[in-house]
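Structure data follow from coords_38.csv (CSV, C-alpha atoms):
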chain,number,residue,atom,x,y,z
A,1,MET,CA,19.8,7.2,12.1
A,2,ARG,CA,17.3,9.8,10.8
A,3,CYS,CA,15.1,11.9,13.1
A,4,LEU,CA,11.6,13.2,12.4
A,5,SER,CA,10.2,15.8,14.8
A,6,LEU,CA,6.5,16.8,14.8
A,7,VAL,CA,6.2,20.2,16.6
A,8,SER,CA,3.8,23.0,17.1
A,9,PRO,CA,3.2,26.0,19.4
A,10,LEU,CA,-0.5,25.0,19.5
A,11,GLY,CA,-2.1,22.2,21.5
A,12,GLY,CA,-4.6,19.7,20.1
A,13,VAL,CA,-3.4,19.9,16.5
A,14,GLY,CA,-2.7,16.2,16.0
A,15,ARG,CA,1.0,15.8,16.6
A,16,THR,CA,0.5,12.5,18.3
A,17,THR,CA,-1.8,11.1,15.6
A,18,LEU,CA,0.7,12.0,12.9
A,19,ALA,CA,3.6,10.6,14.9
A,20,ALA,CA,1.9,7.3,15.4
A,21,HIS,CA,0.8,6.9,11.8
A,22,CYS,CA,4.2,7.9,10.3
A,23,ALA,CA,5.9,5.5,12.6
A,24,THR,CA,3.5,2.6,11.8
A,25,LEU,CA,3.6,3.2,8.0
A,26,LEU,CA,7.4,3.5,8.0
A,27,ALA,CA,7.7,0.3,10.0
A,28,ALA,CA,5.4,-1.5,7.5
A,29,SER,CA,7.8,-0.6,4.7
A,30,GLY,CA,10.6,-2.4,6.6
A,31,THR,CA,12.2,0.7,8.2
A,32,PRO,CA,13.4,0.2,11.8
A,33,VAL,CA,11.3,2.8,13.7
A,34,LEU,CA,11.5,4.2,17.2
A,35,ALA,CA,8.5,6.3,18.4
A,36,PHE,CA,9.6,8.5,21.2
A,37,ASP,CA,6.9,10.1,23.3
A,38,LEU,CA,8.3,13.3,24.7
A,39,SER,CA,4.9,14.7,25.8
A,40,PRO,CA,3.7,14.5,29.4
A,41,GLN,CA,0.2,13.7,28.0
A,42,ASN,CA,1.7,10.2,27.6
A,43,THR,CA,-0.8,9.1,24.9
A,44,LEU,CA,1.3,8.0,21.9
A,45,GLY,CA,1.0,4.4,22.9
A,46,LEU,CA,-2.8,4.6,22.6
A,47,HIS,CA,-2.4,4.6,18.8
A,48,LEU,CA,0.1,1.8,18.9
A,49,GLY,CA,-1.7,-1.0,20.6
A,50,LEU,CA,-1.8,0.0,24.3
A,51,SER,CA,-5.2,0.0,26.0
A,52,ALA,CA,-4.2,2.6,28.6
A,53,PRO,CA,-1.4,5.1,29.0
A,54,PRO,CA,1.6,3.3,30.5
A,55,GLU,CA,2.5,4.2,34.1
A,56,GLN,CA,6.2,3.6,33.6
A,57,GLY,CA,8.3,5.3,31.0
A,58,TRP,CA,11.6,6.9,30.1
A,59,GLN,CA,11.0,9.9,32.5
A,60,ALA,CA,11.0,7.7,35.5
A,61,ALA,CA,14.0,5.7,34.3
A,62,VAL,CA,16.0,8.9,33.8
A,63,ARG,CA,14.9,10.2,37.2
A,64,ASP,CA,16.2,7.0,38.8
A,65,GLY,CA,19.5,7.1,37.0
A,66,ARG,CA,18.7,4.2,34.7
A,67,TRP,CA,19.1,4.0,30.9
A,68,LEU,CA,15.9,5.2,29.2
A,69,GLY,CA,16.1,2.3,26.6
A,70,GLU,CA,15.1,-0.1,29.4
A,71,THR,CA,11.5,1.2,29.1
A,72,ALA,CA,11.1,0.4,25.3
A,73,LEU,CA,8.1,-1.5,24.2
A,74,GLU,CA,7.4,-3.0,20.7
A,75,ASN,CA,4.0,-3.7,19.1
A,76,SER,CA,3.0,-6.2,16.5
A,77,ALA,CA,3.6,-3.7,13.7
A,78,GLY,CA,7.3,-3.6,14.6
A,79,VAL,CA,7.3,-0.1,16.1
A,80,ARG,CA,9.4,0.3,19.1
A,81,LEU,CA,8.0,2.8,21.6
A,82,LEU,CA,9.7,4.8,24.3
A,83,PRO,CA,6.6,5.9,26.4
A,84,HIS,CA,6.8,9.0,28.5
A,85,GLY,CA,5.1,7.4,31.4
A,86,ALA,CA,3.1,9.0,34.2
A,87,LEU,CA,5.3,11.1,36.4
A,88,ALA,CA,4.1,13.7,38.9
A,89,HIS,CA,7.4,15.5,39.2
A,90,ARG,CA,9.0,16.3,35.9
A,91,THR,CA,12.7,16.7,35.5
A,92,SER,CA,14.4,19.2,33.2
A,93,GLN,CA,17.3,18.1,31.0
A,94,PRO,CA,20.2,20.2,29.7
A,95,GLN,CA,20.3,21.6,26.2
A,96,GLY,CA,21.6,18.8,23.9
A,97,TRP,CA,20.4,16.0,26.2
A,98,LEU,CA,17.9,14.6,23.7
A,99,ALA,CA,20.4,14.5,20.8
A,100,GLY,CA,22.8,12.6,23.0
A,101,GLN,CA,20.3,10.1,24.1
A,102,LEU,CA,19.2,9.4,20.5
A,103,ALA,CA,22.8,8.8,19.6
A,104,LEU,CA,23.0,6.1,22.3
A,105,LEU,CA,19.9,4.2,21.2
A,106,ASP,CA,20.3,0.9,19.5
A,107,LEU,CA,18.8,1.8,16.1
A,108,PRO,CA,20.5,0.9,12.8
A,109,ALA,CA,21.9,3.5,10.5
A,110,ASP,CA,18.8,3.2,8.3
A,111,GLY,CA,16.4,3.6,11.2
A,112,VAL,CA,14.1,6.5,12.0
A,113,ALA,CA,13.3,8.1,15.3
A,114,VAL,CA,9.8,9.7,15.3
A,115,LEU,CA,9.5,12.3,18.0
A,116,ASP,CA,6.1,13.3,19.4
A,117,THR,CA,6.5,16.6,21.3
A,118,PRO,CA,4.7,18.8,23.8
A,119,ALA,CA,3.7,22.3,22.5
A,120,LEU,CA,6.5,24.8,21.9
A,121,PRO,CA,8.2,26.4,23.8
A,122,ALA,CA,8.4,23.4,26.1
A,123,PRO,CA,12.2,22.7,26.5
A,124,MET,CA,11.8,19.1,25.2
A,125,ALA,CA,10.0,20.4,22.2
A,126,GLU,CA,12.8,22.8,21.6
A,127,GLN,CA,15.4,20.1,21.8
A,128,ALA,CA,13.4,17.9,19.4
A,129,LEU,CA,13.1,20.8,16.9
A,130,LEU,CA,16.8,21.5,17.0
A,131,CYS,CA,18.1,17.9,16.7
A,132,ALA,CA,15.8,16.7,13.9
A,133,ASP,CA,16.8,15.9,10.3
A,134,LEU,CA,13.2,16.7,9.2
A,135,VAL,CA,10.9,19.0,11.2
A,136,VAL,CA,7.2,18.9,10.4
A,137,LEU,CA,5.2,21.9,11.8
A,138,VAL,CA,1.7,20.8,12.6
A,139,LEU,CA,-1.1,23.4,12.4
A,140,ASP,CA,-4.9,23.1,12.6
A,141,VAL,CA,-7.1,25.0,10.1
A,142,SER,CA,-8.0,27.8,12.5
A,143,PRO,CA,-7.5,31.5,13.1
A,144,ARG,CA,-5.1,30.8,15.9
A,145,ALA,CA,-2.8,29.0,13.4
A,146,VAL,CA,-2.9,32.1,11.2
A,147,HIS,CA,-1.9,34.3,14.1
A,148,ALA,CA,0.9,31.9,15.1
A,149,HIS,CA,2.8,32.5,11.9
A,150,ALA,CA,5.3,35.1,13.3
A,151,ALA,CA,6.0,32.9,16.4
A,152,LEU,CA,6.6,29.9,14.2
A,153,GLN,CA,8.9,31.8,11.9
A,154,SER,CA,11.1,32.7,14.9
A,155,TRP,CA,11.5,29.0,15.7
A,156,ILE,CA,12.2,28.2,12.0
A,157,ASP,CA,14.9,30.8,12.0
A,158,ARG,CA,16.8,28.8,14.6
A,159,LEU,CA,17.1,25.7,12.4
A,160,GLN,CA,20.4,24.8,10.7
A,161,PRO,CA,20.7,24.9,6.9
A,162,THR,CA,21.0,21.1,6.9
A,163,GLN,CA,17.6,20.7,8.6
A,164,ARG,CA,14.6,20.2,6.3
A,165,TRP,CA,11.2,21.5,7.4
A,166,ALA,CA,7.6,21.7,6.2
A,167,VAL,CA,4.1,22.5,7.4
A,168,VAL,CA,1.1,20.1,7.5
A,169,LEU,CA,-2.5,21.2,8.0
A,170,ASN,CA,-4.9,19.2,10.1
A,171,GLY,CA,-8.7,19.7,10.2
A,172,MET,CA,-9.5,20.3,6.6
A,173,ASP,CA,-13.2,20.4,5.8
A,174,PRO,CA,-14.3,21.7,2.4
A,175,ARG,CA,-17.9,21.8,3.6
A,176,SER,CA,-17.0,24.7,6.0
A,177,ALA,CA,-16.7,28.2,4.5
A,178,ILE,CA,-14.7,29.4,7.5
A,179,ARG,CA,-12.2,26.5,7.2
A,180,ARG,CA,-11.9,27.0,3.4
A,181,SER,CA,-11.1,30.7,3.9
A,182,THR,CA,-8.7,29.9,6.8
A,183,SER,CA,-7.0,27.3,4.7
A,184,ALA,CA,-6.5,29.8,1.9
A,185,ARG,CA,-4.8,32.2,4.4
A,186,LEU,CA,-2.5,29.5,5.7
A,187,ARG,CA,-1.6,28.6,2.2
A,188,ALA,CA,-0.8,32.2,1.4
A,189,GLN,CA,1.5,32.3,4.5
A,190,TRP,CA,3.4,29.1,4.0
A,191,GLY,CA,3.3,28.6,0.2
A,192,GLU,CA,5.6,25.8,-1.0
A,193,ARG,CA,6.4,24.8,2.6
A,194,LEU,CA,3.0,23.2,2.9
A,195,LEU,CA,2.9,19.4,2.4
A,196,PRO,CA,0.9,18.4,-0.7
A,197,TYR,CA,-1.3,16.4,1.6
A,198,ALA,CA,-3.4,17.7,4.5
A,199,LEU,CA,-5.4,15.8,7.1
A,200,HIS,CA,-9.2,16.1,6.8
A,201,GLN,CA,-11.6,16.0,9.7
A,202,ASP,CA,-12.6,12.3,9.9
A,203,GLU,CA,-14.5,10.6,12.7
A,204,HIS,CA,-12.7,7.3,11.8
A,205,VAL,CA,-9.5,8.7,13.5
A,206,PRO,CA,-10.9,8.7,17.1
A,207,GLN,CA,-12.8,5.5,16.4
A,208,ALA,CA,-9.5,3.8,15.5
A,209,GLN,CA,-7.9,5.1,18.6
A,210,GLU,CA,-10.6,3.5,20.7
A,211,GLN,CA,-9.3,0.2,19.2
A,212,ALA,CA,-5.7,1.2,19.9
A,213,LEU,CA,-5.1,1.2,16.1
A,214,CYS,CA,-4.0,3.6,13.4
A,215,VAL,CA,-6.9,4.5,11.1
A,216,HIS,CA,-5.4,2.7,8.0
A,217,GLN,CA,-5.4,-0.5,10.1
A,218,SER,CA,-9.0,0.0,11.2
A,219,VAL,CA,-10.7,1.6,8.2
A,220,PRO,CA,-8.3,1.6,5.2
A,221,GLN,CA,-10.8,3.3,2.9
A,222,ALA,CA,-11.3,6.3,5.2
A,223,GLN,CA,-10.4,9.8,4.0
A,224,ALA,CA,-7.9,10.1,6.9
A,225,ALA,CA,-6.2,6.9,6.0
A,226,HIS,CA,-5.7,8.2,2.5
A,227,ASP,CA,-4.4,11.5,3.9
A,228,LEU,CA,-2.0,9.9,6.4
A,229,GLN,CA,-0.5,7.5,3.8
A,230,GLY,CA,0.2,10.5,1.6
A,231,ILE,CA,1.9,12.4,4.4
A,232,ALA,CA,3.9,9.3,5.4
A,233,ALA,CA,5.0,8.9,1.8
A,234,TRP,CA,6.2,12.5,1.6
A,235,VAL,CA,8.1,12.1,4.9
A,236,SER,CA,9.7,8.9,3.7
A,237,LYS,CA,10.9,10.6,0.5
A,238,ALA,CA,12.2,13.6,2.4
A,239,LEU,CA,14.2,11.3,4.7
A,240,GLY,CA,15.6,9.4,1.7
A,241,LEU,CA,13.6,6.3,2.4
A,242,SER,CA,11.4,4.1,0.2
A,243,LEU,CA,7.9,3.7,1.5
A,244,THR,CA,6.1,0.9,-0.3
A,245,GLY,CA,2.3,0.3,-0.3
A,246,THR,CA,1.4,4.0,-0.2
A,247,GLN,CA,1.0,6.8,-2.6
A,248,GLU,CA,4.1,8.2,-4.3
A,249,ALA,CA,5.4,11.3,-2.5
A,250,ARG,CA,5.2,14.4,-4.7
Would you write the structure of this file as structure tokens?
Amino acid sequence: MRCLSLVSPLGGVGRTTLAAHCATLLAASGTPVLAFDLSPQNTLGLHLGLSAPPEQGWQAAVRDGRWLGETALENSAGVRLLPHGALAHRTSQPQGWLAGQLALLDLPADGVAVLDTPALPAPMAEQALLCADLVVLVLDVSPRAVHAHAALQSWIDRLQPTQRWAVVLNGMDPRSAIRRSTSARLRAQWGERLLPYALHQDEHVPQAQEQALCVHQSVPQAQAAHDLQGIAAWVSKALGLSLTGTQEAR
């Protein structure tokens, strides 16, 4: 089983949006997919067909001594979801716990676990970073992302040589001079590590979420749908998969 982790030290950069779309597009290609919501915000399911954040999730199962797989849901697109659930009292897990749980899940060898994480340095985000085959660092096109470079590099330095990683930018807007200049600074910082696709600002993304859909399901001609299909195609190639029905990964 392969593991994709979407991580960032910044909040509100679109990790959940990217996790849901990658999971949905991979599942559409026939890949068995598990979307694992590690964030206490508990919102991953809102992109995957749920009308409200689920009250029950894997956190409560673990707290009660039950197997977290009991909380799995599956949508019509074939994505299995492990929701975080609403839990007032969070429980911490020892280092390596997440990798052990992923190994126990009933996913075939050609399956993919897509991990949506809280912001670093949350312990569960750290575990997701260190157990992934592919790490995608998510940044918004903003000055704070420019200033986060050193902190992000310190996390990258902890990765193993076998782990692949890349950076994706969210919030591109060629109409904005500030965003254009900020994008240029981020490209100078990350160079070849930037994905060849970035996610543009697009009102169709929140509109799709209101329908509990991914944007390519709601408005397939939208700019964001084009962007997200390109990102998913790149991820698929990086994981050694074949993603049909989307652009070729560069």
Legend entry - Neighbour list for range 188-198 of chain A as number ranges by chain, cut-off 7 Å, only C-alpha atoms, skip fewer than 4 positions in-chain: A: 166-170, 172, 184, 227, 230-231
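Using all atoms listed in the file, the nearest neighbour of Pro32 in chain A within the list A:Val7, A:Leu241, A:Val215, A:Leu120 is A:Leu241.
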Inset, instruction - Would you work out the distance separating CA of Ala119 in chain A from CA of Pro40 in chain A, expressed in Å to one decimal? - result: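 About the pair CA of Ala119 in chain A and CA of Pro40 in chain A: they are 10.4 Å apart.
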Inset, instruction - Find the distance between CA of Arg164 in chain A and CA of Val138 in chain A and write it in Å to one decimal. - result: 14.4 Å
Write out as a PDB file with C-alpha atoms, in the coordinates of the input which residues come within 12 Å of Val235 in chain A when counting all atoms listed in the file, dropping same-chain ones fewer than 4 positions away.
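Everything below was put into around.pdb:
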ATOM      1  CA  ARG A   2      17.300   9.800  10.800  1.00  0.00           C
ATOM      2  CA  CYS A   3      15.100  11.900  13.100  1.00  0.00           C
ATOM      3  CA  LEU A   4      11.600  13.200  12.400  1.00  0.00           C
ATOM      4  CA  SER A   5      10.200  15.800  14.800  1.00  0.00           C
ATOM      5  CA  LEU A   6       6.500  16.800  14.800  1.00  0.00           C
ATOM      6  CA  LEU A  18       0.700  12.000  12.900  1.00  0.00           C
ATOM      7  CA  ALA A  19       3.600  10.600  14.900  1.00  0.00           C
ATOM      8  CA  HIS A  21       0.800   6.900  11.800  1.00  0.00           C
ATOM      9  CA  CYS A  22       4.200   7.900  10.300  1.00  0.00           C
ATOM     10  CA  ALA A  23       5.900   5.500  12.600  1.00  0.00           C
ATOM     11  CA  LEU A  25       3.600   3.200   8.000  1.00  0.00           C
ATOM     12  CA  LEU A  26       7.400   3.500   8.000  1.00  0.00           C
ATOM     13  CA  VAL A 112      14.100   6.500  12.000  1.00  0.00           C
ATOM     14  CA  VAL A 114       9.800   9.700  15.300  1.00  0.00           C
ATOM     15  CA  ASP A 133      16.800  15.900  10.300  1.00  0.00           C
ATOM     16  CA  LEU A 134      13.200  16.700   9.200  1.00  0.00           C
ATOM     17  CA  VAL A 135      10.900  19.000  11.200  1.00  0.00           C
ATOM     18  CA  VAL A 136       7.200  18.900  10.400  1.00  0.00           C
ATOM     19  CA  ARG A 164      14.600  20.200   6.300  1.00  0.00           C
ATOM     20  CA  TRP A 165      11.200  21.500   7.400  1.00  0.00           C
ATOM     21  CA  ALA A 166       7.600  21.700   6.200  1.00  0.00           C
ATOM     22  CA  VAL A 167       4.100  22.500   7.400  1.00  0.00           C
ATOM     23  CA  VAL A 168       1.100  20.100   7.500  1.00  0.00           C
ATOM     24  CA  LEU A 195       2.900  19.400   2.400  1.00  0.00           C
ATOM     25  CA  PRO A 196       0.900  18.400  -0.700  1.00  0.00           C
ATOM     26  CA  TYR A 197      -1.300  16.400   1.600  1.00  0.00           C
ATOM     27  CA  LEU A 228      -2.000   9.900   6.400  1.00  0.00           C
ATOM     28  CA  GLN A 229      -0.500   7.500   3.800  1.00  0.00           C
ATOM     29  CA  GLY A 230       0.200  10.500   1.600  1.00  0.00           C
ATOM     30  CA  ILE A 231       1.900  12.400   4.400  1.00  0.00           C
ATOM     31  CA  LEU A 239      14.200  11.300   4.700  1.00  0.00           C
ATOM     32  CA  GLY A 240      15.600   9.400   1.700  1.00  0.00           C
ATOM     33  CA  LEU A 241      13.600   6.300   2.400  1.00  0.00           C
ATOM     34  CA  SER A 242      11.400   4.100   0.200  1.00  0.00           C
ATOM     35  CA  LEU A 243       7.900   3.700   1.500  1.00  0.00           C
ATOM     36  CA  THR A 246       1.400   4.000  -0.200  1.00  0.00           C
ATOM     37  CA  GLN A 247       1.000   6.800  -2.600  1.00  0.00           C
ATOM     38  CA  GLU A 248       4.100   8.200  -4.300  1.00  0.00           C
ATOM     39  CA  ALA A 249       5.400  11.300  -2.500  1.00  0.00           C
ATOM     40  CA  ARG A 250       5.200  14.400  -4.700  1.00  0.00           C
TER      41      ARG A 250
END
Inset, instruction - Counting all atoms listed in the file, write as a PyMOL selection string all protein and nucleic acid residues lying at most 9 Å from (21.7, 21.2, 16.5) in the file's frame. - result: chain A and resi 96+99+127+129-132+159-160+163
Legend entry - Contacts of Gly45 in chain A at 9 Å (all atoms listed in the file; same-chain gap of 5+ positions) as a ChimeraX atom specification: /A:20,35,37,50-54,81-83,212
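Minimum atom-to-atom distance to Gln41 in chain A, evaluated using all atoms listed in the file, belongs to A:Arg15 out of A:Arg185, A:His204, A:His226, A:Arg15.
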Legend entry - Of the listed residues A:Ala238, A:Leu213, A:Ala27, A:Pro121, that which approaches His47 in chain A most closely, counting all atoms listed in the file: A:Leu213
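Each of A:Ala86, A:Ala177, A:Ala150, A:Cys214 was checked against Thr16 in chain A using all atoms listed in the file; the smallest atom-to-atom distance is that of A:Cys214.
Note that the spacing between CA of Ala113 in chain A and CA of Leu152 in chain A amounts to 22.8 Å.
Using only C-alpha atoms for every distance, the candidate list A:Gly11, A:Pro94, A:Gly57, A:Gly49 yields A:Gly49 as the residue closest to Glu74 in chain A.
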Inset, instruction - Find the residues near Pro9 in chain A: any atom within 12 Å, counting only C-alpha atoms, skip ones fewer than 4 places away on the same chain, and give them as a count of residues only. - result: 30
Inset, instruction - Name all residues at most 10 Å from Asp173 in chain A (count all atoms listed in the file; drop same-chain ones fewer than 3 positions away) and give them as a list in words. - result: Val141, Asn170, Ser176, Ala177, Ile178, Arg179, Arg180, Ser183, Leu199, His200, Gln201 and Asp202 of chain A
Inset, instruction - Go through A:Leu34, A:Val205, A:Val79, A:Leu73 one by one, measure the shortest atom-to-atom distance of each to Gln223 in chain A using only C-alpha atoms, and give the residue with the smallest value. - result: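 Ranked by minimum distance to Gln223 in chain A, first place goes to A:Val205.
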Legend entry - Protein, DNA and RNA residues within 10 Å of (7.1, 2.2, 37.8), only C-alpha atoms, as a PyMOL selection string: chain A and resi 54-57+60-61+71+85-87
Go ahead and save the picked residues with C-alpha atoms, as a PDB file, in the frame of the given file.
ATOM      1  CA  PRO A  54       1.600   3.300  30.500  1.00  0.00           C
ATOM      2  CA  GLU A  55       2.500   4.200  34.100  1.00  0.00           C
ATOM      3  CA  GLN A  56       6.200   3.600  33.600  1.00  0.00           C
ATOM      4  CA  GLY A  57       8.300   5.300  31.000  1.00  0.00           C
ATOM      5  CA  ALA A  60      11.000   7.700  35.500  1.00  0.00           C
ATOM      6  CA  ALA A  61      14.000   5.700  34.300  1.00  0.00           C
ATOM      7  CA  THR A  71      11.500   1.200  29.100  1.00  0.00           C
ATOM      8  CA  GLY A  85       5.100   7.400  31.400  1.00  0.00           C
ATOM      9  CA  ALA A  86       3.100   9.000  34.200  1.00  0.00           C
ATOM     10  CA  LEU A  87       5.300  11.100  36.400  1.00  0.00           C
TER      11      LEU A  87
END
